[in-house]
Amino acid sequence: MTEHRSSLAPLLRPLVRDDHERLGWRMAGGFVAGLLVIWLTGQAIHAQRTAEPPQPAATTDVLRADALRPVATRLVRFADVGRDLVAHDAETGSIVKPLGFEKDGFVVSIVRSHDRERKRLGLASGAPYRLTRWDNGQILLEDTLTGAQIEFTAFGATNVAAVASLLGAGLDAPPSTASSPGRP
């Protein structure tokens, strides 16, 4: 029997791995196992975060300290019409303004990005948005479901006017700074 083993040993020797190769395979296996643990942890965290949608902010008064009082507020609901949107007053149901993608692309893009976020969170897309003009001229759009807020001053006067036009006539221009007659 020992004679038989000794005759097989030279044949099986190439199949036996040395210590370095075994170490390499163990490290690769540990790396794959570590990646699996990280991926499963990420999945568990994502499931926790999306299980409950974020609570909306208690009030928009805390957004800016220099925005003292709201001058105009409107709840606006948006309806898709092809590439375009139609803005409706959420309280009366009347049409505020049709928003064409070519002319009002900024507003359409902002609303669509909020709708994508609602869809990602599994929320209804038909809930209204709160649009507020503050006494310092700033315009704020607040998603009433997620609490997300966008203040439009940084987007330039043209985009501020486009968003402000949803508040109603006469409010789409920023507050005027009165100059005396003889001064430019």
# chains A, B, ... in the order shown; residues from 1 in each chain; ligands from 1
$ residues_around --residues "A:His88" --least-positions-apart "5" --cutoff "8 Å" --atoms "only C-alpha atoms" --output "number ranges by chain"
A: 76-79, 93-97
$ select_by_dssp --residues "stretch 9-166 of chain A" --states "alpha helix (DSSP H)" --output "ChimeraX atom specification"
/A:9-12,19-51,105-121,157-164
$ select_by_dssp --residues "stretch 110-144 of chain A" --states "strand (DSSP E)" --output "VMD selection string"
chain A and resid 129 to 134 139 to 143
$ closest_residue --among "A:Leu167, A:Ala127, A:Val81, A:Ile110" --to "A:Ile139" --atoms "only C-alpha atoms"
A:Leu167
$ closest_residue --among "A:Gly122, A:Gly137, A:Gly156, A:Gly24" --to "A:Phe106" --atoms "only C-alpha atoms"
A:Gly156
$ closest_residue --among "A:Gly126, A:Gly105, A:Gly168, A:Pro70" --to "A:Arg83" --atoms "only C-alpha atoms"
A:Gly105
$ closest_residue --among "A:Ala33, A:Leu99, A:Ala47, A:Val160" --to "A:Gln138" --atoms "only C-alpha atoms"
A:Val160
$ residues_around --residues "A:Thr73" --least-positions-apart "5" --cutoff "10 Å" --atoms "only C-alpha atoms" --output "list of chain:residue names"
A:Arg130, A:Leu131, A:Thr132, A:Arg133, A:Trp134, A:Ile139, A:Leu140, A:Leu141, A:Leu167, A:Gly168
$ atom_distance --atom1 "atom CA of A:Tyr129" --atom2 "atom CA of A:Glu142"
5.7 Å
$ residues_around --residues "A:Pro98" --least-positions-apart "2" --cutoff "8 Å" --atoms "only C-alpha atoms" --output "list in words"
Asp84, Leu85, Val86, Ala87, Ile95, Val96 and Gly100 of chain A
$ atom_distance --atom1 "atom CA of A:Leu123" --atom2 "atom CA of A:Arg49"
13.6 Å
$ atom_distance --atom1 "atom CA of A:Thr146" --atom2 "atom CA of A:Arg118"
7.4 Å
$ residues_around --residues "A:Thr50" --least-positions-apart "5" --cutoff "10 Å" --atoms "only C-alpha atoms" --output "list in words"
Ile45, Arg120, Leu121 and Gly122 of chain A
$ decode --residues "stretch 82-107 of chain A" --atoms "N, CA and C atoms" --output "PDB file, in the first residue's frame"
ATOM      1  N   GLY A  82     -48.420  66.315 -22.318  1.00  0.00           N
ATOM      2  CA  GLY A  82     -47.305  66.038 -23.219  1.00  0.00           C
ATOM      3  C   GLY A  82     -46.006  66.500 -22.595  1.00  0.00           C
ATOM      4  N   ARG A  83     -45.267  67.344 -23.332  1.00  0.00           N
ATOM      5  CA  ARG A  83     -44.017  67.899 -22.801  1.00  0.00           C
ATOM      6  C   ARG A  83     -44.262  69.085 -21.892  1.00  0.00           C
ATOM      7  N   ASP A  84     -45.462  69.609 -21.925  1.00  0.00           N
ATOM      8  CA  ASP A  84     -45.791  70.825 -21.200  1.00  0.00           C
ATOM      9  C   ASP A  84     -46.507  70.515 -19.889  1.00  0.00           C
ATOM     10  N   LEU A  85     -46.708  71.553 -19.094  1.00  0.00           N
ATOM     11  CA  LEU A  85     -47.457  71.450 -17.843  1.00  0.00           C
ATOM     12  C   LEU A  85     -48.529  72.531 -17.824  1.00  0.00           C
ATOM     13  N   VAL A  86     -49.559  72.279 -17.043  1.00  0.00           N
ATOM     14  CA  VAL A  86     -50.575  73.297 -16.784  1.00  0.00           C
ATOM     15  C   VAL A  86     -50.618  73.484 -15.269  1.00  0.00           C
ATOM     16  N   ALA A  87     -50.450  74.733 -14.830  1.00  0.00           N
ATOM     17  CA  ALA A  87     -50.494  75.048 -13.405  1.00  0.00           C
ATOM     18  C   ALA A  87     -51.928  75.382 -13.015  1.00  0.00           C
ATOM     19  N   HIS A  88     -52.438  74.704 -11.987  1.00  0.00           N
ATOM     20  CA  HIS A  88     -53.787  74.930 -11.470  1.00  0.00           C
ATOM     21  C   HIS A  88     -53.690  75.440 -10.045  1.00  0.00           C
ATOM     22  N   ASP A  89     -54.586  76.342  -9.677  1.00  0.00           N
ATOM     23  CA  ASP A  89     -54.695  76.753  -8.284  1.00  0.00           C
ATOM     24  C   ASP A  89     -55.275  75.563  -7.524  1.00  0.00           C
ATOM     25  N   ALA A  90     -54.593  75.091  -6.499  1.00  0.00           N
ATOM     26  CA  ALA A  90     -55.012  73.880  -5.783  1.00  0.00           C
ATOM     27  C   ALA A  90     -56.287  74.107  -4.986  1.00  0.00           C
ATOM     28  N   GLU A  91     -56.569  75.348  -4.598  1.00  0.00           N
ATOM     29  CA  GLU A  91     -57.754  75.615  -3.796  1.00  0.00           C
ATOM     30  C   GLU A  91     -59.000  75.799  -4.646  1.00  0.00           C
ATOM     31  N   THR A  92     -58.869  76.481  -5.791  1.00  0.00           N
ATOM     32  CA  THR A  92     -60.044  76.748  -6.633  1.00  0.00           C
ATOM     33  C   THR A  92     -60.135  75.811  -7.832  1.00  0.00           C
ATOM     34  N   GLY A  93     -59.013  75.225  -8.234  1.00  0.00           N
ATOM     35  CA  GLY A  93     -58.997  74.351  -9.404  1.00  0.00           C
ATOM     36  C   GLY A  93     -58.868  75.111 -10.716  1.00  0.00           C
ATOM     37  N   SER A  94     -58.842  76.427 -10.676  1.00  0.00           N
ATOM     38  CA  SER A  94     -58.748  77.220 -11.904  1.00  0.00           C
ATOM     39  C   SER A  94     -57.329  77.154 -12.475  1.00  0.00           C
ATOM     40  N   ILE A  95     -57.246  77.333 -13.780  1.00  0.00           N
ATOM     41  CA  ILE A  95     -55.948  77.311 -14.454  1.00  0.00           C
ATOM     42  C   ILE A  95     -55.225  78.616 -14.152  1.00  0.00           C
ATOM     43  N   VAL A  96     -54.011  78.497 -13.638  1.00  0.00           N
ATOM     44  CA  VAL A  96     -53.186  79.664 -13.350  1.00  0.00           C
ATOM     45  C   VAL A  96     -52.434  80.068 -14.604  1.00  0.00           C
ATOM     46  N   LYS A  97     -51.770  79.077 -15.221  1.00  0.00           N
ATOM     47  CA  LYS A  97     -50.962  79.376 -16.396  1.00  0.00           C
ATOM     48  C   LYS A  97     -50.545  78.076 -17.071  1.00  0.00           C
ATOM     49  N   PRO A  98     -50.682  78.007 -18.401  1.00  0.00           N
ATOM     50  CA  PRO A  98     -50.073  76.868 -19.112  1.00  0.00           C
ATOM     51  C   PRO A  98     -48.568  77.122 -19.243  1.00  0.00           C
ATOM     52  N   LEU A  99     -47.778  76.096 -19.002  1.00  0.00           N
ATOM     53  CA  LEU A  99     -46.323  76.226 -19.027  1.00  0.00           C
ATOM     54  C   LEU A  99     -45.768  75.397 -20.175  1.00  0.00           C
ATOM     55  N   GLY A 100     -45.354  76.040 -21.217  1.00  0.00           N
ATOM     56  CA  GLY A 100     -44.766  75.346 -22.357  1.00  0.00           C
ATOM     57  C   GLY A 100     -43.308  75.040 -22.096  1.00  0.00           C
ATOM     58  N   PHE A 101     -42.858  73.870 -22.530  1.00  0.00           N
ATOM     59  CA  PHE A 101     -41.472  73.477 -22.305  1.00  0.00           C
ATOM     60  C   PHE A 101     -40.513  74.423 -23.016  1.00  0.00           C
ATOM     61  N   GLU A 102     -40.900  74.907 -24.195  1.00  0.00           N
ATOM     62  CA  GLU A 102     -40.031  75.802 -24.956  1.00  0.00           C
ATOM     63  C   GLU A 102     -39.888  77.165 -24.278  1.00  0.00           C
ATOM     64  N   LYS A 103     -40.983  77.702 -23.753  1.00  0.00           N
ATOM     65  CA  LYS A 103     -40.965  79.045 -23.167  1.00  0.00           C
ATOM     66  C   LYS A 103     -40.663  79.030 -21.675  1.00  0.00           C
ATOM     67  N   ASP A 104     -41.239  78.100 -20.952  1.00  0.00           N
ATOM     68  CA  ASP A 104     -41.116  78.036 -19.500  1.00  0.00           C
ATOM     69  C   ASP A 104     -40.350  76.795 -19.058  1.00  0.00           C
ATOM     70  N   GLY A 105     -39.306  76.461 -19.779  1.00  0.00           N
ATOM     71  CA  GLY A 105     -38.548  75.241 -19.516  1.00  0.00           C
ATOM     72  C   GLY A 105     -37.962  75.170 -18.118  1.00  0.00           C
ATOM     73  N   PHE A 106     -37.581  76.318 -17.553  1.00  0.00           N
ATOM     74  CA  PHE A 106     -37.004  76.327 -16.215  1.00  0.00           C
ATOM     75  C   PHE A 106     -38.018  75.824 -15.192  1.00  0.00           C
ATOM     76  N   VAL A 107     -39.215  76.390 -15.223  1.00  0.00           N
ATOM     77  CA  VAL A 107     -40.248  75.998 -14.257  1.00  0.00           C
ATOM     78  C   VAL A 107     -40.641  74.542 -14.470  1.00  0.00           C
TER      79      VAL A 107
END
